[in-house]
$ cat entry_28.json   # JSON, C-alpha atoms
[["chain", "number", "residue", "atom", "x", "y", "z"],
["W", 26, "MET", "CA", -24.30, 19.02, -61.68],
["W", 27, "SER", "CA", -22.92, 17.91, -58.31],
["W", 28, "GLY", "CA", -20.94, 15.16, -60.08],
["W", 29, "GLN", "CA", -19.17, 17.84, -62.11],
["W", 30, "MET", "CA", -18.38, 19.84, -58.97],
["W", 31, "SER", "CA", -16.87, 16.75, -57.34],
["W", 32, "GLU", "CA", -14.66, 16.14, -60.34],
["W", 33, "ALA", "CA", -13.50, 19.76, -60.36],
["W", 34, "ARG", "CA", -12.66, 19.60, -56.68],
["W", 35, "ALA", "CA", -10.70, 16.39, -57.06],
["W", 36, "ASP", "CA", -8.73, 17.81, -60.00],
["W", 37, "ASP", "CA", -8.00, 21.17, -58.36],
["W", 38, "ARG", "CA", -7.05, 19.89, -54.94],
["W", 39, "PRO", "CA", -3.41, 18.91, -54.45],
["W", 40, "ASP", "CA", -2.76, 15.45, -53.07],
["W", 41, "ALA", "CA", -2.23, 16.81, -49.58],
["W", 42, "ASP", "CA", -0.79, 13.73, -47.90],
["W", 43, "THR", "CA", 1.88, 12.84, -50.45],
["W", 44, "SER", "CA", 3.06, 16.34, -51.35],
["W", 45, "VAL", "CA", 3.26, 17.52, -47.73],
["W", 46, "GLY", "CA", 5.41, 14.56, -46.71],
["W", 47, "THR", "CA", 8.24, 15.77, -48.92],
["W", 48, "LEU", "CA", 8.28, 19.31, -47.48],
["W", 49, "SER", "CA", 10.83, 20.52, -44.97],
["W", 50, "PHE", "CA", 9.56, 22.08, -41.76],
["W", 51, "GLU", "CA", 10.33, 25.55, -43.10],
["W", 52, "GLN", "CA", 8.52, 24.94, -46.40],
["W", 53, "ALA", "CA", 5.44, 23.53, -44.65],
["W", 54, "LEU", "CA", 5.35, 26.38, -42.14],
["W", 55, "GLY", "CA", 5.70, 28.96, -44.92],
["W", 56, "GLU", "CA", 2.81, 27.44, -46.85],
["W", 57, "LEU", "CA", 0.72, 27.24, -43.69],
["W", 58, "GLU", "CA", 1.37, 30.94, -42.99],
["W", 59, "GLN", "CA", 0.25, 31.83, -46.53],
["W", 60, "ILE", "CA", -2.96, 29.83, -46.08],
["W", 61, "VAL", "CA", -3.69, 31.54, -42.77],
["W", 62, "GLN", "CA", -3.17, 34.98, -44.33],
["W", 63, "LYS", "CA", -5.51, 34.19, -47.23],
["W", 64, "LEU", "CA", -8.17, 32.87, -44.86],
["W", 65, "GLU", "CA", -7.85, 35.86, -42.53],
["W", 66, "ARG", "CA", -8.11, 38.31, -45.42],
["W", 67, "GLY", "CA", -11.13, 36.55, -46.90],
["W", 68, "GLN", "CA", -9.35, 36.10, -50.23],
["W", 69, "LEU", "CA", -10.88, 32.69, -50.93],
["W", 70, "ASP", "CA", -14.39, 31.61, -51.83],
["W", 71, "LEU", "CA", -16.12, 29.04, -49.65],
["W", 72, "GLU", "CA", -14.92, 25.93, -51.49],
["W", 73, "ALA", "CA", -11.34, 27.20, -51.72],
["W", 74, "SER", "CA", -11.48, 28.12, -48.02],
["W", 75, "ILE", "CA", -12.51, 24.57, -47.09],
["W", 76, "GLN", "CA", -9.73, 23.09, -49.23],
["W", 77, "ALA", "CA", -7.21, 25.53, -47.77],
["W", 78, "TYR", "CA", -8.34, 24.63, -44.24],
["W", 79, "GLU", "CA", -7.93, 20.91, -45.00],
["W", 80, "ARG", "CA", -4.48, 21.51, -46.48],
["W", 81, "GLY", "CA", -3.56, 23.66, -43.49],
["W", 82, "THR", "CA", -4.56, 20.87, -41.11],
["W", 83, "VAL", "CA", -2.26, 18.44, -42.92],
["W", 84, "LEU", "CA", 0.55, 21.02, -42.91],
["W", 85, "ARG", "CA", 0.10, 21.66, -39.18],
["W", 86, "ARG", "CA", 0.35, 17.95, -38.40],
["W", 87, "HIS", "CA", 3.44, 17.68, -40.59],
["W", 88, "CYS", "CA", 5.07, 20.60, -38.76],
["W", 89, "GLU", "CA", 4.24, 19.06, -35.38],
["W", 90, "THR", "CA", 5.79, 15.76, -36.47],
["W", 91, "LYS", "CA", 8.93, 17.49, -37.74],
["W", 92, "LEU", "CA", 9.28, 19.41, -34.46],
["W", 93, "GLU", "CA", 8.87, 16.23, -32.42],
["W", 94, "GLU", "CA", 11.46, 14.45, -34.54],
["W", 95, "ALA", "CA", 13.89, 17.35, -34.07],
["W", 96, "ARG", "CA", 13.29, 17.39, -30.32],
["W", 97, "LEU", "CA", 13.93, 13.67, -30.08],
["W", 98, "ARG", "CA", 17.12, 13.99, -32.08],
["W", 99, "VAL", "CA", 18.40, 16.54, -29.60],
["W", 100, "GLU", "CA", 17.59, 14.68, -26.40],
["W", 101, "LYS", "CA", 15.87, 11.72, -24.86],
["W", 102, "LEU", "CA", 15.05, 10.99, -21.27],
["W", 103, "THR", "CA", 16.62, 7.89, -19.77],
["W", 104, "PHE", "CA", 16.55, 6.39, -16.31],
["W", 105, "THR", "CA", 19.48, 4.80, -14.53],
["W", 106, "ARG", "CA", 19.13, 1.63, -12.48],
["W", 107, "ASP", "CA", 18.91, 3.86, -9.40],
["W", 108, "GLY", "CA", 15.86, 5.59, -10.86],
["W", 109, "GLU", "CA", 17.75, 8.79, -11.64],
["W", 110, "ALA", "CA", 16.51, 10.60, -14.73],
["W", 111, "SER", "CA", 18.98, 12.02, -17.23],
["W", 112, "LEU", "CA", 18.89, 13.44, -20.72],
["W", 113, "GLN", "CA", 20.94, 11.65, -23.35],
["W", 114, "PRO", "CA", 21.65, 12.52, -26.97],
["W", 115, "PHE", "CA", 19.12, 11.01, -29.33],
["W", 116, "ASP", "CA", 20.23, 7.74, -30.90],
["W", 117, "GLU", "CA", 19.24, 7.47, -34.59],
["W", 118, "GLY", "CA", 17.88, 3.98, -33.84],
["W", 119, "ASP", "CA", 15.19, 5.56, -31.64],
["W", 120, "THR", "CA", 11.93, 6.41, -33.33],
["W", 121, "PRO", "CA", 9.34, 9.04, -32.30],
["W", 122, "ARG", "CA", 5.96, 7.92, -31.01],
["W", 123, "SER", "CA", 2.96, 8.69, -33.22]]

$ encode --input "entry_28.json" --output "structure tokens"
Amino acid sequence: MSGQMSEARADDRPDADTSVGTLSFEQALGELEQIVQKLERGQLDLEASIQAYERGTVLRRHCETKLEEARLRVEKLTFTRDGEASLQPFDEGDTPRS
């Protein structure tokens, strides 16, 4: 019986990592807000709650990454030879740290 439950879970659960990667920040945040509302209202059974929590964790990380990328595109901290710090526009060749 547990083998059948595992198969059902695998079939019902979206591929969180690949589908989330294609979402914009706004789409991911909207989905995350919907998950939080469902969890807060107790609208999901235990298994669905666990899956929603896992999906929400992936969405949260995705949103954090998108925010960091946006921040880095806006500014980066550089230091002159004199040790003076200044903010410079983000250069597209720069990549965010993981």

$ closest_residue --input "entry_28.json" --among "W:Ala77, W:Val83, W:Ala95, W:Leu112" --to "Val45 (chain W)" --atoms "all atoms listed in the file"
W:Val83

$ closest_residue --input "entry_28.json" --among "W:Gln113, W:Tyr78, W:Phe50, W:Gly108" --to "Gln62 (chain W)" --atoms "all atoms listed in the file"
W:Tyr78

$ residues_around --input "entry_28.json" --residues "Arg86 (chain W)" --least-positions-apart "2" --cutoff "12 Å" --atoms "only C-alpha atoms" --output "ChimeraX atom specification"
/W:41-42,45-46,50,53-54,57,79-84,88-93,123

$ atom_distance --input "entry_28.json" --atom1 "CA of Gln76 (chain W)" --atom2 "CA of Leu64 (chain W)"
10.8 Å

$ atom_distance --input "entry_28.json" --atom1 "CA of Ser111 (chain W)" --atom2 "CA of Leu97 (chain W)"
13.9 Å

$ atom_distance --input "entry_28.json" --atom1 "CA of Glu58 (chain W)" --atom2 "CA of Arg85 (chain W)"
10.1 Å
